[in-house]
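Q: Take a look at work39.pdb, PDB, C-alpha atoms and all ligand atoms:
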ATOM      1  CA  MET A   1     -76.988  44.614   3.626
ATOM      2  CA  VAL A   2     -76.872  45.572  -0.065
ATOM      3  CA  LYS A   3     -77.297  42.778  -2.608
ATOM      4  CA  PRO A   4     -73.953  40.942  -2.960
ATOM      5  CA  ASN A   5     -72.216  41.355  -6.318
ATOM      6  CA  LEU A   6     -72.023  37.984  -8.063
ATOM      7  CA  LYS A   7     -70.682  39.234 -11.403
ATOM      8  CA  VAL A   8     -67.512  37.563 -12.677
ATOM      9  CA  LYS A   9     -65.260  38.063 -15.705
ATOM     10  CA  ILE A  10     -63.979  35.169 -17.788
ATOM     11  CA  GLY A  11     -61.502  36.789 -20.154
ATOM     12  CA  GLY A  12     -63.527  39.429 -21.977
ATOM     13  CA  LEU A  13     -66.818  37.781 -21.037
ATOM     14  CA  GLU A  14     -68.834  39.136 -18.108
ATOM     15  CA  LEU A  15     -71.236  36.696 -16.434
ATOM     16  CA  LYS A  16     -74.103  37.875 -14.190
ATOM     17  CA  ASN A  17     -73.085  35.204 -11.693
ATOM     18  CA  PRO A  18     -70.487  32.397 -11.543
ATOM     19  CA  VAL A  19     -72.886  29.473 -11.923
ATOM     20  CA  THR A  20     -73.060  27.949 -15.405
ATOM     21  CA  VAL A  21     -74.340  24.618 -16.719
ATOM     22  CA  ALA A  22     -71.916  22.092 -18.176
ATOM     23  CA  SER A  23     -71.811  20.988 -21.774
ATOM     24  CA  GLY A  24     -73.772  17.815 -22.489
ATOM     25  CA  THR A  25     -76.024  18.123 -19.460
ATOM     26  CA  PHE A  26     -78.343  20.899 -20.618
ATOM     27  CA  GLY A  27     -78.706  20.569 -24.399
ATOM     28  CA  SER A  28     -78.969  24.134 -25.713
ATOM     29  CA  GLY A  29     -81.291  25.052 -22.854
ATOM     30  CA  GLU A  30     -84.505  24.651 -24.847
ATOM     31  CA  GLU A  31     -85.508  21.373 -23.160
ATOM     32  CA  TYR A  32     -85.155  23.048 -19.749
ATOM     33  CA  ARG A  33     -87.003  26.291 -20.493
ATOM     34  CA  LYS A  34     -90.250  25.245 -18.786
ATOM     35  CA  LEU A  35     -88.493  23.871 -15.717
ATOM     36  CA  VAL A  36     -86.072  26.640 -14.824
ATOM     37  CA  ASP A  37     -85.599  30.368 -15.456
ATOM     38  CA  LEU A  38     -82.706  30.190 -17.920
ATOM     39  CA  ASN A  39     -82.098  33.930 -17.615
ATOM     40  CA  LYS A  40     -80.937  33.510 -14.019
ATOM     41  CA  ILE A  41     -78.107  31.121 -14.908
ATOM     42  CA  GLY A  42     -74.625  32.668 -15.366
ATOM     43  CA  ALA A  43     -74.172  30.982 -18.759
ATOM     44  CA  ILE A  44     -75.415  28.062 -20.795
ATOM     45  CA  VAL A  45     -72.628  25.876 -22.175
ATOM     46  CA  THR A  46     -74.138  23.954 -25.068
ATOM     47  CA  LYS A  47     -73.626  20.287 -25.962
ATOM     48  CA  SER A  48     -70.376  19.916 -27.932
ATOM     49  CA  VAL A  49     -70.851  20.512 -31.620
ATOM     50  CA  THR A  50     -68.671  18.973 -34.333
ATOM     51  CA  LEU A  51     -68.083  19.996 -37.951
ATOM     52  CA  LYS A  52     -70.231  17.189 -39.357
ATOM     53  CA  PRO A  53     -73.221  15.400 -37.756
ATOM     54  CA  ARG A  54     -72.364  12.483 -35.460
ATOM     55  CA  GLU A  55     -74.629   9.594 -34.489
ATOM     56  CA  GLY A  56     -72.847   8.889 -31.240
ATOM     57  CA  ASN A  57     -72.066   5.568 -29.602
ATOM     58  CA  PRO A  58     -74.194   2.404 -29.506
ATOM     59  CA  PRO A  59     -76.517   2.049 -26.486
ATOM     60  CA  PRO A  60     -76.582   1.655 -23.545
ATOM     61  CA  ARG A  61     -74.933   5.059 -23.156
ATOM     62  CA  VAL A  62     -75.476   5.795 -19.489
ATOM     63  CA  VAL A  63     -75.255   3.789 -16.313
ATOM     64  CA  GLU A  64     -75.806   4.929 -12.757
ATOM     65  CA  THR A  65     -72.945   4.252 -10.338
ATOM     66  CA  PRO A  66     -72.645   4.718  -6.589
ATOM     67  CA  SER A  67     -72.425   8.504  -6.225
ATOM     68  CA  GLY A  68     -72.445   9.292  -9.920
ATOM     69  CA  MET A  69     -72.895   8.059 -13.451
ATOM     70  CA  LEU A  70     -70.983   6.852 -16.473
ATOM     71  CA  ASN A  71     -71.839   8.235 -19.907
ATOM     72  CA  SER A  72     -70.586   7.229 -23.316
ATOM     73  CA  ILE A  73     -72.727   9.440 -25.556
ATOM     74  CA  GLY A  74     -70.001   9.769 -28.167
ATOM     75  CA  LEU A  75     -70.563  13.414 -29.097
ATOM     76  CA  GLN A  76     -73.909  12.850 -30.788
ATOM     77  CA  ASN A  77     -74.953  16.092 -32.466
ATOM     78  CA  ASP A  78     -76.276  17.427 -35.769
ATOM     79  CA  GLY A  79     -73.126  19.322 -36.791
ATOM     80  CA  ILE A  80     -72.282  23.013 -36.761
ATOM     81  CA  ASP A  81     -74.480  24.096 -39.699
ATOM     82  CA  ALA A  82     -77.605  22.525 -38.145
ATOM     83  CA  PHE A  83     -76.636  24.035 -34.770
ATOM     84  CA  ILE A  84     -76.564  27.515 -36.292
ATOM     85  CA  LYS A  85     -79.843  26.959 -38.143
ATOM     86  CA  ASP A  86     -81.824  25.130 -35.431
ATOM     87  CA  LYS A  87     -80.402  26.108 -32.035
ATOM     88  CA  VAL A  88     -79.255  29.709 -32.380
ATOM     89  CA  PRO A  89     -82.818  31.098 -32.969
ATOM     90  CA  PHE A  90     -83.851  29.805 -29.520
ATOM     91  CA  LEU A  91     -80.609  30.986 -27.917
ATOM     92  CA  ASN A  92     -81.272  34.466 -29.366
ATOM     93  CA  LYS A  93     -84.234  34.732 -26.978
ATOM     94  CA  VAL A  94     -82.246  33.806 -23.876
ATOM     95  CA  LYS A  95     -80.925  36.674 -21.765
ATOM     96  CA  THR A  96     -77.811  35.073 -20.422
ATOM     97  CA  ALA A  97     -74.368  34.255 -21.776
ATOM     98  CA  VAL A  98     -74.058  31.484 -24.340
ATOM     99  CA  ILE A  99     -70.848  29.473 -24.514
ATOM    100  CA  VAL A 100     -70.670  26.996 -27.378
ATOM    101  CA  SER A 101     -68.653  23.834 -26.787
ATOM    102  CA  ILE A 102     -66.794  22.536 -29.837
ATOM    103  CA  ALA A 103     -65.128  19.170 -30.453
ATOM    104  CA  ALA A 104     -63.130  17.691 -33.327
ATOM    105  CA  HIS A 105     -60.562  15.106 -34.335
ATOM    106  CA  ARG A 106     -58.424  17.462 -36.379
ATOM    107  CA  VAL A 107     -56.971  20.856 -35.520
ATOM    108  CA  GLU A 108     -58.311  22.293 -38.774
ATOM    109  CA  ASP A 109     -61.842  21.133 -37.884
ATOM    110  CA  TYR A 110     -61.708  22.956 -34.550
ATOM    111  CA  ALA A 111     -60.665  26.062 -36.488
ATOM    112  CA  ALA A 112     -63.421  25.606 -39.079
ATOM    113  CA  ILE A 113     -66.131  25.365 -36.394
ATOM    114  CA  ALA A 114     -64.701  28.352 -34.511
ATOM    115  CA  GLY A 115     -64.644  30.348 -37.755
ATOM    116  CA  LYS A 116     -68.353  29.679 -38.310
ATOM    117  CA  LEU A 117     -69.216  30.597 -34.712
ATOM    118  CA  ASP A 118     -67.176  33.788 -34.929
ATOM    119  CA  LYS A 119     -69.850  35.234 -37.226
ATOM    120  CA  ILE A 120     -72.718  34.504 -34.800
ATOM    121  CA  LYS A 121     -73.351  37.486 -32.530
ATOM    122  CA  ARG A 122     -75.293  35.412 -29.984
ATOM    123  CA  VAL A 123     -72.257  33.255 -29.249
ATOM    124  CA  ASP A 124     -70.458  34.910 -26.342
ATOM    125  CA  ALA A 125     -67.558  32.469 -26.024
ATOM    126  CA  ILE A 126     -66.220  29.158 -27.274
ATOM    127  CA  GLU A 127     -65.348  26.227 -25.027
ATOM    128  CA  ILE A 128     -62.843  23.933 -26.711
ATOM    129  CA  ASN A 129     -63.602  20.367 -25.691
ATOM    130  CA  ILE A 130     -60.294  18.530 -26.004
ATOM    131  CA  SER A 131     -61.274  16.064 -23.304
ATOM    132  CA  CYS A 132     -64.108  13.750 -24.426
ATOM    133  CA  PRO A 133     -63.126  10.221 -23.311
ATOM    134  CA  ASN A 134     -65.906   8.545 -25.330
ATOM    135  CA  VAL A 135     -64.684   8.775 -28.901
ATOM    136  CA  GLU A 136     -61.661   7.335 -30.644
ATOM    137  CA  GLY A 137     -58.861   9.871 -30.236
ATOM    138  CA  GLY A 138     -61.055  12.105 -28.041
ATOM    139  CA  LEU A 139     -58.267  12.652 -25.547
ATOM    140  CA  GLU A 140     -55.502  12.964 -28.102
ATOM    141  CA  PHE A 141     -55.277  16.744 -27.812
ATOM    142  CA  ALA A 142     -55.779  16.814 -24.027
ATOM    143  CA  ARG A 143     -52.850  14.631 -23.071
ATOM    144  CA  GLU A 144     -49.876  16.531 -24.445
ATOM    145  CA  PRO A 145     -49.165  20.210 -23.793
ATOM    146  CA  GLY A 146     -48.019  20.721 -27.409
ATOM    147  CA  SER A 147     -51.136  19.299 -29.068
ATOM    148  CA  ALA A 148     -53.483  21.059 -26.630
ATOM    149  CA  ALA A 149     -51.728  24.349 -27.410
ATOM    150  CA  ALA A 150     -51.959  23.713 -31.175
ATOM    151  CA  VAL A 151     -55.761  23.467 -30.955
ATOM    152  CA  VAL A 152     -55.996  26.669 -28.924
ATOM    153  CA  ARG A 153     -53.755  28.575 -31.349
ATOM    154  CA  ALA A 154     -55.861  27.436 -34.324
ATOM    155  CA  VAL A 155     -59.135  28.432 -32.639
ATOM    156  CA  ARG A 156     -57.600  31.746 -31.564
ATOM    157  CA  ARG A 157     -56.664  32.491 -35.171
ATOM    158  CA  ALA A 158     -60.164  31.583 -36.406
ATOM    159  CA  SER A 159     -62.201  33.566 -33.874
ATOM    160  CA  LYS A 160     -62.081  36.734 -31.801
ATOM    161  CA  LYS A 161     -64.507  35.309 -29.217
ATOM    162  CA  PRO A 162     -63.218  34.504 -25.713
ATOM    163  CA  VAL A 163     -61.848  30.966 -25.624
ATOM    164  CA  ILE A 164     -62.132  28.514 -22.721
ATOM    165  CA  THR A 165     -60.302  25.181 -22.914
ATOM    166  CA  LYS A 166     -61.953  22.195 -21.208
ATOM    167  CA  LEU A 167     -59.311  19.947 -19.701
ATOM    168  CA  SER A 168     -59.247  16.226 -19.005
ATOM    169  CA  PRO A 169     -58.423  14.673 -15.645
ATOM    170  CA  ASN A 170     -57.144  11.587 -17.538
ATOM    171  CA  VAL A 171     -53.638  13.016 -17.849
ATOM    172  CA  LYS A 172     -50.325  12.803 -16.014
ATOM    173  CA  ASP A 173     -50.346  16.425 -14.843
ATOM    174  CA  ILE A 174     -53.335  18.654 -15.607
ATOM    175  CA  THR A 175     -51.439  21.786 -14.557
ATOM    176  CA  GLU A 176     -48.922  21.288 -17.415
ATOM    177  CA  ILE A 177     -51.766  21.240 -19.939
ATOM    178  CA  ALA A 178     -53.380  24.294 -18.324
ATOM    179  CA  MET A 179     -50.123  26.251 -18.545
ATOM    180  CA  ALA A 180     -49.660  25.249 -22.193
ATOM    181  CA  VAL A 181     -53.129  26.418 -23.243
ATOM    182  CA  GLU A 182     -52.693  29.654 -21.260
ATOM    183  CA  GLU A 183     -49.452  30.302 -23.137
ATOM    184  CA  ALA A 184     -51.259  29.536 -26.435
ATOM    185  CA  GLY A 185     -53.863  32.221 -25.750
ATOM    186  CA  SER A 186     -56.749  30.500 -23.991
ATOM    187  CA  ASP A 187     -58.711  33.076 -21.967
ATOM    188  CA  ALA A 188     -59.707  30.528 -19.323
ATOM    189  CA  VAL A 189     -59.654  26.826 -18.531
ATOM    190  CA  SER A 190     -62.579  24.686 -17.423
ATOM    191  CA  LEU A 191     -61.874  21.530 -15.446
ATOM    192  CA  VAL A 192     -62.478  18.689 -15.148
ATOM    193  CA  ASN A 193     -64.227  16.624 -17.778
ATOM    194  CA  THR A 194     -65.138  13.046 -16.821
ATOM    195  CA  PHE A 195     -62.825  10.296 -15.619
ATOM    196  CA  THR A 196     -62.539   7.219 -17.846
ATOM    197  CA  GLY A 197     -64.352   4.276 -16.272
ATOM    198  CA  MET A 198     -66.409   1.155 -16.986
ATOM    199  CA  ALA A 199     -69.055  -1.169 -15.565
ATOM    200  CA  ILE A 200     -69.595  -4.911 -16.113
ATOM    201  CA  ASP A 201     -72.859  -6.867 -15.990
ATOM    202  CA  ILE A 202     -71.942 -10.027 -14.051
ATOM    203  CA  ASP A 203     -74.941 -11.963 -15.418
ATOM    204  CA  THR A 204     -73.950 -11.533 -19.062
ATOM    205  CA  ARG A 205     -70.276 -10.922 -18.235
ATOM    206  CA  ARG A 206     -70.363  -8.137 -20.771
ATOM    207  CA  PRO A 207     -69.591  -4.421 -20.415
ATOM    208  CA  VAL A 208     -72.731  -2.451 -19.521
ATOM    209  CA  LEU A 209     -71.932   0.408 -21.892
ATOM    210  CA  GLY A 210     -72.167  -0.158 -25.638
ATOM    211  CA  ASN A 211     -68.832   1.625 -25.972
ATOM    212  CA  VAL A 212     -67.315  -0.527 -23.153
ATOM    213  CA  VAL A 213     -65.804   2.526 -21.456
ATOM    214  CA  GLY A 214     -67.346   5.864 -20.547
ATOM    215  CA  GLY A 215     -66.797   8.991 -18.481
ATOM    216  CA  LEU A 216     -67.487   9.025 -14.742
ATOM    217  CA  SER A 217     -69.093  12.152 -13.278
ATOM    218  CA  GLY A 218     -71.036  13.119 -10.168
ATOM    219  CA  PRO A 219     -70.235  13.423  -6.466
ATOM    220  CA  ALA A 220     -67.777  10.500  -6.580
ATOM    221  CA  ILE A 221     -65.255  12.637  -8.499
ATOM    222  CA  LYS A 222     -65.663  15.905  -6.562
ATOM    223  CA  PRO A 223     -62.696  15.641  -4.188
ATOM    224  CA  ILE A 224     -60.328  14.786  -7.055
ATOM    225  CA  ALA A 225     -61.725  17.515  -9.323
ATOM    226  CA  LEU A 226     -61.439  20.025  -6.486
ATOM    227  CA  ARG A 227     -57.809  19.094  -5.873
ATOM    228  CA  MET A 228     -57.062  19.515  -9.591
ATOM    229  CA  ALA A 229     -58.774  22.931  -9.670
ATOM    230  CA  TRP A 230     -56.774  24.040  -6.616
ATOM    231  CA  GLU A 231     -53.462  22.827  -8.093
ATOM    232  CA  THR A 232     -54.217  24.485 -11.439
ATOM    233  CA  ALA A 233     -55.204  27.780  -9.801
ATOM    234  CA  LYS A 234     -51.710  27.978  -8.318
ATOM    235  CA  LYS A 235     -50.085  27.571 -11.744
ATOM    236  CA  VAL A 236     -52.069  29.805 -14.131
ATOM    237  CA  LYS A 237     -53.167  33.443 -14.139
ATOM    238  CA  ILE A 238     -56.211  32.956 -16.384
ATOM    239  CA  PRO A 239     -59.600  32.281 -14.749
ATOM    240  CA  ILE A 240     -60.586  28.735 -13.869
ATOM    241  CA  ILE A 241     -64.087  27.360 -14.260
ATOM    242  CA  GLY A 242     -64.363  24.489 -11.799
ATOM    243  CA  MET A 243     -66.545  21.439 -12.244
ATOM    244  CA  GLY A 244     -66.847  17.840 -11.164
ATOM    245  CA  GLY A 245     -69.648  16.541  -8.974
ATOM    246  CA  ILE A 246     -71.069  19.892  -7.844
ATOM    247  CA  MET A 247     -74.508  19.099  -6.385
ATOM    248  CA  CYS A 248     -75.218  22.035  -4.057
ATOM    249  CA  TYR A 249     -74.083  25.577  -3.257
ATOM    250  CA  GLU A 250     -71.597  24.323  -0.662
ATOM    251  CA  ASP A 251     -69.840  22.249  -3.344
ATOM    252  CA  ALA A 252     -69.740  25.276  -5.666
ATOM    253  CA  LEU A 253     -68.238  27.417  -2.904
ATOM    254  CA  GLU A 254     -65.513  24.824  -2.317
ATOM    255  CA  PHE A 255     -64.385  25.199  -5.938
ATOM    256  CA  ILE A 256     -64.501  28.996  -5.694
ATOM    257  CA  ILE A 257     -62.520  29.055  -2.437
ATOM    258  CA  ALA A 258     -60.002  26.682  -4.074
ATOM    259  CA  GLY A 259     -59.457  29.255  -6.848
ATOM    260  CA  ALA A 260     -62.238  28.968  -9.424
ATOM    261  CA  SER A 261     -63.795  32.177 -10.771
ATOM    262  CA  ALA A 262     -66.906  30.304 -11.905
ATOM    263  CA  VAL A 263     -68.337  26.790 -11.821
ATOM    264  CA  GLN A 264     -70.195  24.425 -14.130
ATOM    265  CA  ILE A 265     -73.013  22.215 -12.929
ATOM    266  CA  GLY A 266     -73.266  18.931 -14.825
ATOM    267  CA  THR A 267     -74.647  15.626 -13.517
ATOM    268  CA  ALA A 268     -76.762  17.424 -10.871
ATOM    269  CA  ASN A 269     -78.977  18.806 -13.701
ATOM    270  CA  PHE A 270     -80.202  15.260 -14.346
ATOM    271  CA  VAL A 271     -81.345  14.961 -10.730
ATOM    272  CA  ASN A 272     -82.782  18.450 -10.321
ATOM    273  CA  PRO A 273     -83.181  20.723 -13.379
ATOM    274  CA  ARG A 274     -83.451  23.768 -11.089
ATOM    275  CA  VAL A 275     -80.220  23.057  -9.248
ATOM    276  CA  ALA A 276     -78.183  25.830 -10.932
ATOM    277  CA  VAL A 277     -80.619  28.511  -9.757
ATOM    278  CA  GLU A 278     -80.768  26.974  -6.268
ATOM    279  CA  ILE A 279     -76.966  27.090  -6.148
ATOM    280  CA  ILE A 280     -76.958  30.788  -7.158
ATOM    281  CA  ASP A 281     -79.474  31.546  -4.377
ATOM    282  CA  GLY A 282     -77.420  29.523  -1.894
ATOM    283  CA  ILE A 283     -74.193  31.369  -2.748
ATOM    284  CA  GLU A 284     -75.958  34.742  -2.421
ATOM    285  CA  GLU A 285     -77.399  33.746   0.961
ATOM    286  CA  TYR A 286     -73.968  32.576   2.152
ATOM    287  CA  MET A 287     -72.416  35.905   1.094
ATOM    288  CA  ARG A 288     -75.076  37.863   2.986
ATOM    289  CA  LYS A 289     -74.561  35.750   6.095
ATOM    290  CA  GLU A 290     -70.767  36.107   5.895
ATOM    291  CA  GLY A 291     -70.876  39.828   5.017
ATOM    292  CA  ILE A 292     -69.121  39.284   1.666
ATOM    293  CA  LYS A 293     -69.952  42.052  -0.825
ATOM    294  CA  ASN A 294     -68.251  40.695  -3.937
ATOM    295  CA  ILE A 295     -67.877  37.065  -5.060
ATOM    296  CA  LYS A 296     -64.307  37.889  -6.156
ATOM    297  CA  GLU A 297     -63.385  38.126  -2.459
ATOM    298  CA  LEU A 298     -64.017  34.380  -2.244
ATOM    299  CA  THR A 299     -62.044  33.229  -5.303
ATOM    300  CA  GLY A 300     -58.879  31.515  -4.088
ATOM    301  CA  CYS A 301     -59.358  32.663  -0.489
ATOM    302  CA  LEU A 302     -58.388  29.243   0.903
ATOM    303  CA  LYS A 303     -56.654  29.640   4.287
ATOM    304  CA  ARG A 304     -53.723  27.358   5.155
TER     305      ARG A 304
HETATM  306  C1  LIG A 401     -70.022  12.648 -24.997
HETATM  307  O1  LIG A 401     -70.733  13.155 -25.858
HETATM  308  O2  LIG A 401     -69.575  11.503 -25.119
HETATM  309  C2  LIG A 401     -69.669  13.405 -23.739
HETATM  310  C3  LIG A 401     -68.871  14.591 -24.031
HETATM  311  C4  LIG A 401     -67.611  14.692 -23.252
HETATM  312  O3  LIG A 401     -67.323  13.863 -22.390
HETATM  313  O4  LIG A 401     -66.842  15.623 -23.493
END
Hey, can you dump this file as structure tokens for me?
Ligand code: SIN

A:
Amino acid sequence: MVKPNLKVKIGGLELKNPVTVASGTFGSGEEYRKLVDLNKIGAIVTKSVTLKPREGNPPPRVVETPSGMLNSIGLQNDGIDAFIKDKVPFLNKVKTAVIVSIAAHRVEDYAAIAGKLDKIKRVDAIEINISCPNVEGGLEFAREPGSAAAVVRAVRRASKKPVITKLSPNVKDITEIAMAVEEAGSDAVSLVNTFTGMAIDIDTRRPVLGNVVGGLSGPAIKPIALRMAWETAKKVKIPIIGMGGIMCYEDALEFIIAGASAVQIGTANFVNPRVAVEIIDGIEEYMRKEGIKNIKELTGCLKR
């Protein structure tokens, strides 16, 4: 059988395969370069960058949970100018798509970051993170269709790059938010970010995380994330990038069959830095075995 075609399109952006790595779990790829062939991954989504540097939340910032982890990093990063100066030179050497995640507290800051990224050729797309549960007001734009749409419109005006909006599961109805950002011009939606959670140390009777609450990710959230991806796929025409607890190629295929055009691998990178490439190989092997020539045949093929 000829090699299966794994190429997918996310708005105007073509990816060599549908497997990408999630923001905040892979840095800008540089730390992983000796562990995994970055050029095989469909896209690197960088850690969210803000307009100004941020120190992040007080430690502890991560705690392992049954079937997952909580993080409360708090968007620590060096700011957009340092990102362009320090990270883009490495990214210039990588032969795969680069999607830069951006976060802000004000609509005009999202636009300002997008405007700076618009001038960087290496940046293939922008992921708008409106869904960080770990900072004051981090979910403000994710919870209401109107405010989510306002961010997308501002970024759209500031940049011609394809725009992906990363949605929060901590909302009444994620499909409403997806439809609003589609209407506002988002080229795709990625879902879901982490679920708000917490852990308590019974010896000290204090919260384990310095920030008290954090975002839950990992296999524990997969069934809920999958259901949200499936529901959203029925409501929007733009591509969906599915994520939430994907640990193996079978998990990735579940999201694709539910309606996702691509997937993001997050928490699994902390367990196995090569997991994204193993998932790509697993999907290809599955397609050969099933006689599927093009990955698009699988997107949304769920039988009822
Ligand atoms: C963080 O930096 O706190 C995580 C980012 C996110 O949840 O969007």

Q: Please write as a short mmCIF file (atom, residue, chain, number, x, y, z; two decimals) with C-alpha atoms, in the coordinates of the input the full residue list that the PyMOL selection byres (((chain A and resi 27-33) around 8) and not hetatm) yields on this file.

A:
data_model
loop_
_atom_site.label_atom_id
_atom_site.label_comp_id
_atom_site.auth_asym_id
_atom_site.auth_seq_id
_atom_site.Cartn_x
_atom_site.Cartn_y
_atom_site.Cartn_z
CA SER A 23 -71.81 20.99 -21.77
CA GLY A 24 -73.77 17.82 -22.49
CA THR A 25 -76.02 18.12 -19.46
CA PHE A 26 -78.34 20.90 -20.62
CA LYS A 34 -90.25 25.24 -18.79
CA LEU A 35 -88.49 23.87 -15.72
CA VAL A 36 -86.07 26.64 -14.82
CA ASP A 37 -85.60 30.37 -15.46
CA LEU A 38 -82.71 30.19 -17.92
CA ILE A 44 -75.42 28.06 -20.80
CA VAL A 45 -72.63 25.88 -22.18
CA THR A 46 -74.14 23.95 -25.07
CA LYS A 47 -73.63 20.29 -25.96
CA LYS A 87 -80.40 26.11 -32.03
CA PHE A 90 -83.85 29.80 -29.52
CA LEU A 91 -80.61 30.99 -27.92
CA PRO A 273 -83.18 20.72 -13.38
#

Q: For the structure provided, state which residues fall under the PyMOL selection byres (((chain A and resi 95-101) around 8) and not hetatm), and present them as a ChimeraX atom specification.

A: /A:15-16,23,38-49,91-94,102-103,122-129

Q: So what do you get for atom CA of A:Ser147 versus atom CA of A:Ala22, distance-wise?

A: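 So the answer is 23.6 Å.
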
Q: Kindly resolve the PyMOL selection byres (((not hetatm)) within 6 of (chain A and resi 401)) on the present coordinates and return the residues as a ChimeraX atom specification.

A: /A:72-76,131-134

Q: Could you save the residues just selected, with C-alpha atoms, as a compact mmCIF listing (two decimals), keeping the file's coordinate frame?

A:
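Output saved as part-v2.txt:
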# COMPACT_ATOMS: atom_id res chain seq x y z
CA SER A 72 -70.59 7.23 -23.32
CA ILE A 73 -72.73 9.44 -25.56
CA GLY A 74 -70.00 9.77 -28.17
CA LEU A 75 -70.56 13.41 -29.10
CA GLN A 76 -73.91 12.85 -30.79
CA SER A 131 -61.27 16.06 -23.30
CA CYS A 132 -64.11 13.75 -24.43
CA PRO A 133 -63.13 10.22 -23.31
CA ASN A 134 -65.91 8.54 -25.33

Q: Within 9 Å of A:Tyr249, counting only C-alpha atoms, which residues show up once you throw out same-chain ones fewer than 6 positions away? Write them as a ChimeraX atom specification, please.

A: /A:275-276,278-283,286

Q: Could you write out that same residue set with C-alpha atoms as a compact mmCIF listing (two decimals), keeping the file's coordinate frame?

A:
# COMPACT_ATOMS: atom_id res chain seq x y z
CA VAL A 275 -80.22 23.06 -9.25
CA ALA A 276 -78.18 25.83 -10.93
CA GLU A 278 -80.77 26.97 -6.27
CA ILE A 279 -76.97 27.09 -6.15
CA ILE A 280 -76.96 30.79 -7.16
CA ASP A 281 -79.47 31.55 -4.38
CA GLY A 282 -77.42 29.52 -1.89
CA ILE A 283 -74.19 31.37 -2.75
CA TYR A 286 -73.97 32.58 2.15

Q: Could you add N, CA and C atoms to stretch 290-301 of chain A and give me the result as an mmCIF file, in the coordinates of the input?

A:
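And here's selection-v3.cif as it stands now:
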data_model
loop_
_atom_site.group_PDB
_atom_site.id
_atom_site.type_symbol
_atom_site.label_atom_id
_atom_site.label_comp_id
_atom_site.auth_asym_id
_atom_site.auth_seq_id
_atom_site.Cartn_x
_atom_site.Cartn_y
_atom_site.Cartn_z
ATOM 1 N N GLU A 290 -72.184 35.914 5.580
ATOM 2 C CA GLU A 290 -70.767 36.107 5.895
ATOM 3 C C GLU A 290 -70.311 37.562 5.702
ATOM 4 N N GLY A 291 -71.226 38.415 5.241
ATOM 5 C CA GLY A 291 -70.876 39.828 5.017
ATOM 6 C C GLY A 291 -69.904 40.024 3.866
ATOM 7 N N ILE A 292 -70.020 39.178 2.835
ATOM 8 C CA ILE A 292 -69.121 39.284 1.666
ATOM 9 C C ILE A 292 -69.849 40.050 0.563
ATOM 10 N N LYS A 293 -69.252 41.175 0.138
ATOM 11 C CA LYS A 293 -69.952 42.052 -0.825
ATOM 12 C C LYS A 293 -69.753 41.591 -2.268
ATOM 13 N N ASN A 294 -68.575 41.026 -2.553
ATOM 14 C CA ASN A 294 -68.251 40.695 -3.937
ATOM 15 C C ASN A 294 -67.720 39.258 -4.003
ATOM 16 N N ILE A 295 -68.256 38.477 -4.934
ATOM 17 C CA ILE A 295 -67.877 37.065 -5.060
ATOM 18 C C ILE A 295 -66.358 36.919 -5.281
ATOM 19 N N LYS A 296 -65.755 37.964 -5.879
ATOM 20 C CA LYS A 296 -64.307 37.889 -6.156
ATOM 21 C C LYS A 296 -63.500 37.756 -4.856
ATOM 22 N N GLU A 297 -64.075 38.256 -3.749
ATOM 23 C CA GLU A 297 -63.385 38.126 -2.459
ATOM 24 C C GLU A 297 -63.202 36.651 -2.073
ATOM 25 N N LEU A 298 -64.056 35.798 -2.620
ATOM 26 C CA LEU A 298 -64.017 34.380 -2.244
ATOM 27 C C LEU A 298 -63.070 33.558 -3.130
ATOM 28 N N THR A 299 -62.856 34.031 -4.368
ATOM 29 C CA THR A 299 -62.044 33.229 -5.303
ATOM 30 C C THR A 299 -60.623 33.058 -4.775
ATOM 31 N N GLY A 300 -60.252 31.815 -4.539
ATOM 32 C CA GLY A 300 -58.879 31.515 -4.088
ATOM 33 C C GLY A 300 -58.580 31.978 -2.682
ATOM 34 N N CYS A 301 -59.606 32.128 -1.832
ATOM 35 C CA CYS A 301 -59.358 32.663 -0.489
ATOM 36 C C CYS A 301 -59.014 31.559 0.518
#
